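Enquirer: Please read through the structure below; I'll follow up with questions.
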Amino acid sequence: MTEVLFFIEVVVAGLLAGTMYSLVALGFVLIYKASSTFNFAQGAMVFFAVLAFVGFMELGLPFSLAFVVTVLLMVLVGFCTERMVLNPLMNQSEDTLLMATIGLGFVLEGLAQAAWGVEVRRLDLGIGDFPIEWIIDVFGLFVSALDLTAGIVAAVLIIGLALIFKYTRMGLGLRAVADDPGAASSIGIPLKNIMLLVWSAAGVVALVAGMMWGARAGVQFALVDLALKALPVLIIGGFSSIPGAIIGGLIIGATEKVLEVYLGPFFGGAIEGWAPYVLAIFFLLYRPEGLFGEKIIRRV
Amino acid sequence: MTGNSENILEINSIEVMYDSVISALHDVSLNVPKGKIVALLGGNGAGKSTTLKAISTMLAAERGKVTKGSINYDGIEVKNQSPYEMVALGMVQVLEGRRCFGHLTVEENIIAGAYSRKLSKSQIKDELEKIYGYFNRLRDRRKSQAGFTSGGEQQMIAVARAMMAKPKMLLLDEPSMGLAPQLVAEIFNIVRELNQKEGVSILLAEQNTNVALRNADYGYIIETGHVMLHGTADELLNDEKVKELYLGISQEGRKNFRDVLREEANKKSA
């Protein structure tokens with residue numbers, strides 16, 4: 001019985017961690033759908049956002065104000081990206097755009113470190129990484145409060161974004177652009193504004209993910225690589241599918257935890273870092289379009 | 001012909017290049033009188049789509065550029081405007097191949113057409129009702145995902161969506177493509193109705209010469225980027241060359257293109 005409970009604990013922890021992957025992958029999907037570009041700068045955006053947030057807190061801003069200021073900063077980053085990188089490169093090949101996002105990533109990493117320094121910061125969200133007592137009492141499961149918070153925050157953000165896309169004018173424009181940018185532009189949907197919306201949303205998503213991961217592992221450069229775990233998530237879920245990003249994230253989260261716990265010891269541990277990529281390779285071999293993808297992945 | 005206020009659109013000998021090297025149009029001139037339907041006819045690769053995209057400024061998205069000549073729409077010189085600005089000026093293009101938003105419902109597709117007008121919810125509802133008046137078939141399918149509707153319905157969605165932008169001028173690129181004859185007739189009836197009741201001027205590119213000329217007021221025939229022939233729809237329908245080459249009718253009965261070429265060759269050698 002305890003074996004089963006332990007397994008459930010591992011899966012739950014994995015799923016909760018997976019929601020964060022889902023969220024970051026969602027940022028990728030939005031940009032991919034709107035501009036057919038895999039945004040390699042997403043990892044740098046996570047790092048940039050949370051480092052700025054911690055920096056503002058160190059300057060003495062209260063939590064909520066620092067959050068709002070960082071959100072505005074990320075919108076500004078989105079705006080500058082659209083005006084200075086994407087717009088001038090509009091109608092260029094996808095490879096050109098891909099290279100541009102890689103370059104943008106380096107610029108953001110550099111800017112963040114130039115502004116706030118390179119040392120690892122602690123980020124205290126006031127939520128500990130320890131089990132919640134009432135869940136132990138009721139279900140007999142050990143579930144980390146930080147995992148649960150991250151899961152709930154990610155779920156709320158995903159639902160919020162989904163509602164915006166479904167029910168607002170901007171959201172309709174975004175879905176239209178995602179389906180067919182050429183047709184959207186032919187009926188007068190301004191691609192520029194939609195791009196701005198998409199990059200801002202990706203920026204906010206990056207900030208939230210950075211805060212959750214930063215609270216656990218410290219605010220440091222390694223967050224860039226953590227965010228790139230969205231890549232296997234997208235390979236599994238499909239690059240152009242929002243539900244795919246969500247479910248892909250959950251699958252990656254759960255399997256990496258399960259593999260880490262049950263198979264990790266045979267490999268000397270720490271297989272979490274690469275196991276998702278192995279899973280992704282299996283998907284590339286047997287189902288290259290992903291679970292929900294609309295077409296074969298040709299890019300990246 | 002320039003400066004004629006009777007024409008909503010005047011194109012003066014434009015040349016179009018793709019990627020600065022591939023020349024797609026050489027010398028195309030045409031006029032669209034206000035409130036009329038003009039057909040742009042020709043085979044594959046003749047330059048019909050390129051002409052329409054030059055007008056709607058959608059060319060830039062394909063790295064194409066108007067390198068010579070001028071386009072004058074409603075008193076405005078069309079130069080570096082974005083497609084977004086052209087829609088705001090009342091010029092909307094229905095792209096070749098319909099290009100519906102497959103994941104959106106039929107109604108969402110149509111509403112997306114009003115994006116540039118920033119209407120209130122109730123205004124959108126009124127406009128939708130008006131549009132459904134022309135496209136009855138779409139009313140029944142309003143909740144369906146556009147990607148799962150038939151080709152004819154998708155063509156209707158594309159035209160309805162464009163009409164939601166309240167255009168003064170509509171550019172239609174091959175509305176008959178891949179559709180059964182009765183559907184083509186249905187769509188052209190709607191197009192004519194829109195032209196008459198809404199007063200929208202229409203330039204339509206078609207390979208289906210017969211249907212296009214029966215519904216248009218005027219026609220231009222282009223081949224490999226040049227205007228070969230133009231005239232009123234009746235003139236073109238009765239023109240012997242048009243009959244032979246584009247309508248497949250001749251005095252000695254049906255002929256194919258090879259026969260015509262052979263005859264021409266015979267005439268030359270004789």
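Every chain in the structure tokens takes a letter, A first, then B, and so on in the order presented; its residues are numbered from 1, and the ligands are numbered from 1 following the presented order.
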Could you list the residues in chain A lying within 12 Å of chain B, using only C-alpha atoms, and format the result as a short mmCIF file (atom, residue, chain, number, x, y, z; two decimals) with N, CA and C atoms, in the first residue's frame?

Expert:
```
data_model
loop_
_atom_site.label_atom_id
_atom_site.label_comp_id
_atom_site.auth_asym_id
_atom_site.auth_seq_id
_atom_site.Cartn_x
_atom_site.Cartn_y
_atom_site.Cartn_z
N ASN A 87 9.62 43.00 -36.85
CA ASN A 87 9.04 43.79 -37.93
C ASN A 87 10.02 44.02 -39.08
N LEU A 89 12.29 42.14 -39.96
CA LEU A 89 12.57 40.84 -40.59
C LEU A 89 11.31 40.19 -41.16
N MET A 90 10.21 40.92 -41.11
CA MET A 90 8.95 40.36 -41.60
C MET A 90 9.15 39.87 -43.04
N ASN A 91 8.54 38.75 -43.37
CA ASN A 91 8.60 38.16 -44.72
C ASN A 91 9.96 37.53 -45.04
N GLN A 92 10.87 37.53 -44.08
CA GLN A 92 12.11 36.79 -44.31
C GLN A 92 11.83 35.32 -44.00
N SER A 93 12.80 34.47 -44.32
CA SER A 93 12.56 33.04 -44.12
C SER A 93 12.51 32.71 -42.63
N PHE A 165 -8.41 34.36 -25.21
CA PHE A 165 -8.37 34.00 -26.63
C PHE A 165 -9.78 33.73 -27.16
N LYS A 166 -10.62 33.15 -26.30
CA LYS A 166 -11.93 32.73 -26.77
C LYS A 166 -12.89 33.91 -26.86
N TYR A 167 -12.82 34.83 -25.90
CA TYR A 167 -13.92 35.79 -25.81
C TYR A 167 -13.59 37.26 -26.11
N THR A 168 -12.33 37.59 -26.35
CA THR A 168 -12.05 39.01 -26.63
C THR A 168 -11.76 39.21 -28.12
N ARG A 169 -11.85 40.48 -28.54
CA ARG A 169 -11.59 40.84 -29.93
C ARG A 169 -10.14 40.54 -30.28
N MET A 170 -9.23 40.96 -29.38
CA MET A 170 -7.81 40.69 -29.58
C MET A 170 -7.56 39.18 -29.70
N GLY A 171 -8.27 38.43 -28.84
CA GLY A 171 -8.11 36.97 -28.84
C GLY A 171 -8.54 36.36 -30.17
N LEU A 172 -9.66 36.87 -30.68
CA LEU A 172 -10.14 36.40 -31.98
C LEU A 172 -9.09 36.71 -33.05
N GLY A 173 -8.56 37.93 -32.98
CA GLY A 173 -7.51 38.32 -33.94
C GLY A 173 -6.32 37.39 -33.84
N LEU A 174 -5.95 37.06 -32.61
CA LEU A 174 -4.79 36.19 -32.40
C LEU A 174 -5.04 34.80 -32.97
N ARG A 175 -6.23 34.27 -32.73
CA ARG A 175 -6.51 32.93 -33.26
C ARG A 175 -6.55 32.95 -34.78
N ALA A 176 -7.06 34.06 -35.33
CA ALA A 176 -7.09 34.19 -36.79
C ALA A 176 -5.68 34.22 -37.35
N VAL A 177 -4.82 35.01 -36.73
CA VAL A 177 -3.43 35.10 -37.19
C VAL A 177 -2.75 33.75 -37.06
N ALA A 178 -3.03 33.05 -35.94
CA ALA A 178 -2.41 31.75 -35.72
C ALA A 178 -2.84 30.75 -36.80
N ASP A 179 -4.08 30.84 -37.25
CA ASP A 179 -4.58 29.92 -38.28
C ASP A 179 -3.98 30.24 -39.64
N ASP A 180 -3.97 31.50 -40.00
CA ASP A 180 -3.52 31.88 -41.33
C ASP A 180 -3.15 33.37 -41.35
N PRO A 181 -1.88 33.67 -41.11
CA PRO A 181 -1.48 35.09 -41.01
C PRO A 181 -1.79 35.87 -42.30
N GLY A 182 -1.63 35.21 -43.44
CA GLY A 182 -1.89 35.89 -44.70
C GLY A 182 -3.35 36.30 -44.83
N ALA A 183 -4.25 35.36 -44.53
CA ALA A 183 -5.67 35.65 -44.62
C ALA A 183 -6.06 36.70 -43.58
N ALA A 184 -5.46 36.61 -42.39
CA ALA A 184 -5.78 37.58 -41.34
C ALA A 184 -5.39 38.98 -41.80
N SER A 185 -4.23 39.08 -42.42
CA SER A 185 -3.79 40.39 -42.87
C SER A 185 -4.65 40.88 -44.04
N SER A 186 -5.20 39.96 -44.84
CA SER A 186 -6.03 40.37 -45.98
C SER A 186 -7.34 40.99 -45.54
N ILE A 187 -7.79 40.69 -44.32
CA ILE A 187 -9.04 41.32 -43.87
C ILE A 187 -8.77 42.41 -42.84
N GLY A 188 -7.52 42.84 -42.76
CA GLY A 188 -7.21 44.03 -41.97
C GLY A 188 -6.94 43.78 -40.50
N ILE A 189 -6.51 42.57 -40.14
CA ILE A 189 -6.08 42.35 -38.76
C ILE A 189 -4.59 42.75 -38.69
N PRO A 190 -4.26 43.76 -37.88
CA PRO A 190 -2.87 44.24 -37.88
C PRO A 190 -1.94 43.25 -37.18
N LEU A 191 -1.07 42.62 -37.95
CA LEU A 191 -0.18 41.60 -37.39
C LEU A 191 0.68 42.18 -36.27
N LYS A 192 1.08 43.46 -36.44
CA LYS A 192 1.94 44.11 -35.45
C LYS A 192 1.35 44.05 -34.05
N ASN A 193 0.07 44.46 -33.93
CA ASN A 193 -0.56 44.50 -32.61
C ASN A 193 -0.69 43.10 -32.03
N ILE A 194 -0.99 42.13 -32.91
CA ILE A 194 -1.15 40.77 -32.43
C ILE A 194 0.19 40.25 -31.91
N SER A 240 2.03 23.39 -32.62
CA SER A 240 1.03 24.41 -32.91
C SER A 240 -0.23 24.23 -32.08
N SER A 241 -0.15 23.39 -31.04
CA SER A 241 -1.38 23.09 -30.32
C SER A 241 -1.31 23.56 -28.87
N GLU A 294 -0.55 19.66 -35.92
CA GLU A 294 -1.35 19.67 -37.14
C GLU A 294 -0.54 19.22 -38.33
#
```

Enquirer: Hey, what does DSSP flag as helix (DSSP H, G or I) within region 50-97 of chain B? Can you give it to me as a PyMOL selection string?

Expert: chain B and resi 50-56+58-62+83-88

Enquirer: Please dump the current selection as a compact mmCIF listing (two decimals), in the first residue's frame; keep C-alpha atoms.

Expert:
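Here's the written file result-v7.txt:
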```txt
# COMPACT_ATOMS: atom_id res chain seq x y z
CA THR B 50 -0.09 38.94 -58.83
CA THR B 51 -2.18 41.81 -60.20
CA LEU B 52 -4.70 41.50 -57.36
CA LYS B 53 -1.96 41.32 -54.73
CA ALA B 54 -0.26 44.36 -56.20
CA ILE B 55 -3.51 46.26 -55.67
CA SER B 56 -4.16 45.02 -52.13
CA MET B 58 -0.33 41.78 -50.19
CA LEU B 59 2.63 41.42 -52.57
CA ALA B 60 5.13 42.54 -49.97
CA ALA B 61 4.39 39.44 -47.90
CA GLU B 62 5.69 37.38 -50.82
CA PRO B 83 -2.78 45.54 -46.23
CA TYR B 84 -4.22 46.80 -42.94
CA GLU B 85 -4.32 50.37 -44.25
CA MET B 86 -5.86 49.23 -47.53
CA VAL B 87 -8.66 47.47 -45.65
CA ALA B 88 -9.26 50.68 -43.69
```

Enquirer: Could you tell me which of A:Val153, A:Leu98, A:Met74, A:Ala44 comes closest to Leu196 (chain A) if we count only C-alpha atoms?

Expert: A:Met74

Enquirer: Kindly indicate which residue among A:Leu141, A:Leu65, A:Leu146, A:Leu108 lies nearest to Phe48 (chain A), using only C-alpha atoms for the distances.

Expert: A:Leu108

Enquirer: Give me, as a PyMOL selection string, all polymer residues having an atom no more than 12 Å from Leu231 (chain A), counting only C-alpha atoms and skipping those fewer than 6 positions away in the same chain.

Expert: chain A and resi 21-22+24-29+38-40+42-43+225+237-239+245+248-249+252+274+276-281+284+290+300

Enquirer: Given only C-alpha atoms, how would the per-residue table for region 181-220 of chain B near region 18-41 of chain B read, listing every residue at most 6 Å away with its closest atom pair and distance in Å to one decimal, sorted by chain and number, as JSON lines?

Expert:
```
{"residue": "B:Gly199", "atom": "CA", "partner": "B:Gly35", "partner_atom": "CA", "distance": 5.4}
{"residue": "B:Val200", "atom": "CA", "partner": "B:Gly35", "partner_atom": "CA", "distance": 5.7}
{"residue": "B:Ser201", "atom": "CA", "partner": "B:Gly35", "partner_atom": "CA", "distance": 4.3}
{"residue": "B:Ile202", "atom": "CA", "partner": "B:Ile37", "partner_atom": "CA", "distance": 4.6}
{"residue": "B:Leu203", "atom": "CA", "partner": "B:Val38", "partner_atom": "CA", "distance": 4.8}
{"residue": "B:Leu204", "atom": "CA", "partner": "B:Ala39", "partner_atom": "CA", "distance": 4.9}
{"residue": "B:Ala205", "atom": "CA", "partner": "B:Leu40", "partner_atom": "CA", "distance": 4.5}
{"residue": "B:Glu206", "atom": "CA", "partner": "B:Leu41", "partner_atom": "CA", "distance": 5.3}
{"residue": "B:Gln207", "atom": "CA", "partner": "B:Leu41", "partner_atom": "CA", "distance": 5.9}
{"residue": "B:Ala216", "atom": "CA", "partner": "B:Ile37", "partner_atom": "CA", "distance": 4.9}
{"residue": "B:Asp217", "atom": "CA", "partner": "B:Ile37", "partner_atom": "CA", "distance": 5.4}
{"residue": "B:Tyr218", "atom": "CA", "partner": "B:Val38", "partner_atom": "CA", "distance": 4.8}
{"residue": "B:Gly219", "atom": "CA", "partner": "B:Ala39", "partner_atom": "CA", "distance": 4.6}
{"residue": "B:Tyr220", "atom": "CA", "partner": "B:Leu40", "partner_atom": "CA", "distance": 5.0}
```

Enquirer: How about saving the chosen residues, C-alpha atoms kept, as a short mmCIF file (atom, residue, chain, number, x, y, z; two decimals), in the first residue's frame?

Expert:
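For reference, out_10.cif as written:
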```
data_model
loop_
_atom_site.label_atom_id
_atom_site.label_comp_id
_atom_site.auth_asym_id
_atom_site.auth_seq_id
_atom_site.Cartn_x
_atom_site.Cartn_y
_atom_site.Cartn_z
CA GLY B 199 -22.72 49.03 -54.39
CA VAL B 200 -19.35 47.35 -53.94
CA SER B 201 -17.07 47.45 -56.99
CA ILE B 202 -15.53 44.10 -57.84
CA LEU B 203 -12.42 42.96 -59.64
CA LEU B 204 -12.40 39.21 -59.99
CA ALA B 205 -9.68 36.96 -61.28
CA GLU B 206 -11.01 33.80 -62.93
CA GLN B 207 -9.97 30.87 -65.06
CA ALA B 216 -19.11 40.76 -65.23
CA ASP B 217 -19.56 44.08 -67.00
CA TYR B 218 -16.09 44.24 -68.45
CA GLY B 219 -13.19 41.86 -68.97
CA TYR B 220 -9.44 41.82 -69.42
#
```

Enquirer: Please provide as a list in words all residues within 7 Å of region 118-128 of chain A, with the sequence filter that same-chain residues fewer than 5 positions apart are discarded (counting only C-alpha atoms).

Expert: Val54, Gln113, Ala145, Leu146, Gly214, Ala215, Gly218, Val219 and Gln220 of chain A

Enquirer: Quick one, how far is CA of Ala230 (chain A) from CA of Leu263 (chain A)?

Expert: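 CA of Leu263 (chain A) lies 22.3 Å from CA of Ala230 (chain A).
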
Enquirer: Residues within 9 Å of region 177-190 of chain B, please, as a list in words. Count only C-alpha atoms; anything in the same chain fewer than 6 positions from it doesn't count.

Expert: Glu96, Gly97, Tyr134, Phe135, Gly151, Gly152, Gln155, Met156, Glu206, Gln207, Asn208, Val211, Ala212 and Asn215 of chain B

Enquirer: Would you mind exporting N, CA and C atoms of the selected residues as an mmCIF file, in the first residue's frame?

Expert:
```cif
data_model
loop_
_atom_site.group_PDB
_atom_site.id
_atom_site.type_symbol
_atom_site.label_atom_id
_atom_site.label_comp_id
_atom_site.auth_asym_id
_atom_site.auth_seq_id
_atom_site.Cartn_x
_atom_site.Cartn_y
_atom_site.Cartn_z
ATOM 1 N N GLU B 96 -6.956 33.631 -53.068
ATOM 2 C CA GLU B 96 -7.133 32.370 -53.776
ATOM 3 C C GLU B 96 -7.140 31.212 -52.773
ATOM 4 N N GLY B 97 -8.007 30.247 -53.022
ATOM 5 C CA GLY B 97 -8.040 29.077 -52.138
ATOM 6 C C GLY B 97 -8.769 29.335 -50.834
ATOM 7 N N TYR B 134 -27.514 37.552 -47.107
ATOM 8 C CA TYR B 134 -26.966 37.181 -48.410
ATOM 9 C C TYR B 134 -26.509 35.723 -48.434
ATOM 10 N N PHE B 135 -25.979 35.275 -47.302
ATOM 11 C CA PHE B 135 -25.409 33.918 -47.240
ATOM 12 C C PHE B 135 -26.258 33.051 -46.308
ATOM 13 N N GLY B 151 -16.277 22.990 -49.576
ATOM 14 C CA GLY B 151 -15.549 23.990 -50.352
ATOM 15 C C GLY B 151 -16.412 25.198 -50.694
ATOM 16 N N GLY B 152 -17.659 24.933 -51.089
ATOM 17 C CA GLY B 152 -18.564 26.032 -51.434
ATOM 18 C C GLY B 152 -18.840 26.909 -50.234
ATOM 19 N N GLN B 155 -15.914 29.078 -49.500
ATOM 20 C CA GLN B 155 -15.835 30.237 -50.379
ATOM 21 C C GLN B 155 -16.809 31.317 -49.914
ATOM 22 N N MET B 156 -17.981 30.883 -49.483
ATOM 23 C CA MET B 156 -18.966 31.843 -48.972
ATOM 24 C C MET B 156 -18.447 32.528 -47.710
ATOM 25 N N GLU B 206 -10.355 35.098 -62.675
ATOM 26 C CA GLU B 206 -11.005 33.801 -62.926
ATOM 27 C C GLU B 206 -10.333 33.034 -64.055
ATOM 28 N N GLN B 207 -10.342 31.717 -63.933
ATOM 29 C CA GLN B 207 -9.971 30.869 -65.057
ATOM 30 C C GLN B 207 -11.225 30.437 -65.799
ATOM 31 N N ASN B 208 -12.330 30.439 -65.042
ATOM 32 C CA ASN B 208 -13.606 30.041 -65.639
ATOM 33 C C ASN B 208 -14.176 31.226 -66.411
ATOM 34 N N VAL B 211 -18.275 31.654 -66.980
ATOM 35 C CA VAL B 211 -19.042 32.138 -65.831
ATOM 36 C C VAL B 211 -18.666 33.579 -65.497
ATOM 37 N N ALA B 212 -17.373 33.869 -65.532
ATOM 38 C CA ALA B 212 -16.918 35.204 -65.152
ATOM 39 C C ALA B 212 -17.516 36.249 -66.092
ATOM 40 N N ASN B 215 -21.160 37.141 -65.690
ATOM 41 C CA ASN B 215 -21.522 37.913 -64.497
ATOM 42 C C ASN B 215 -20.849 39.277 -64.434
#
```
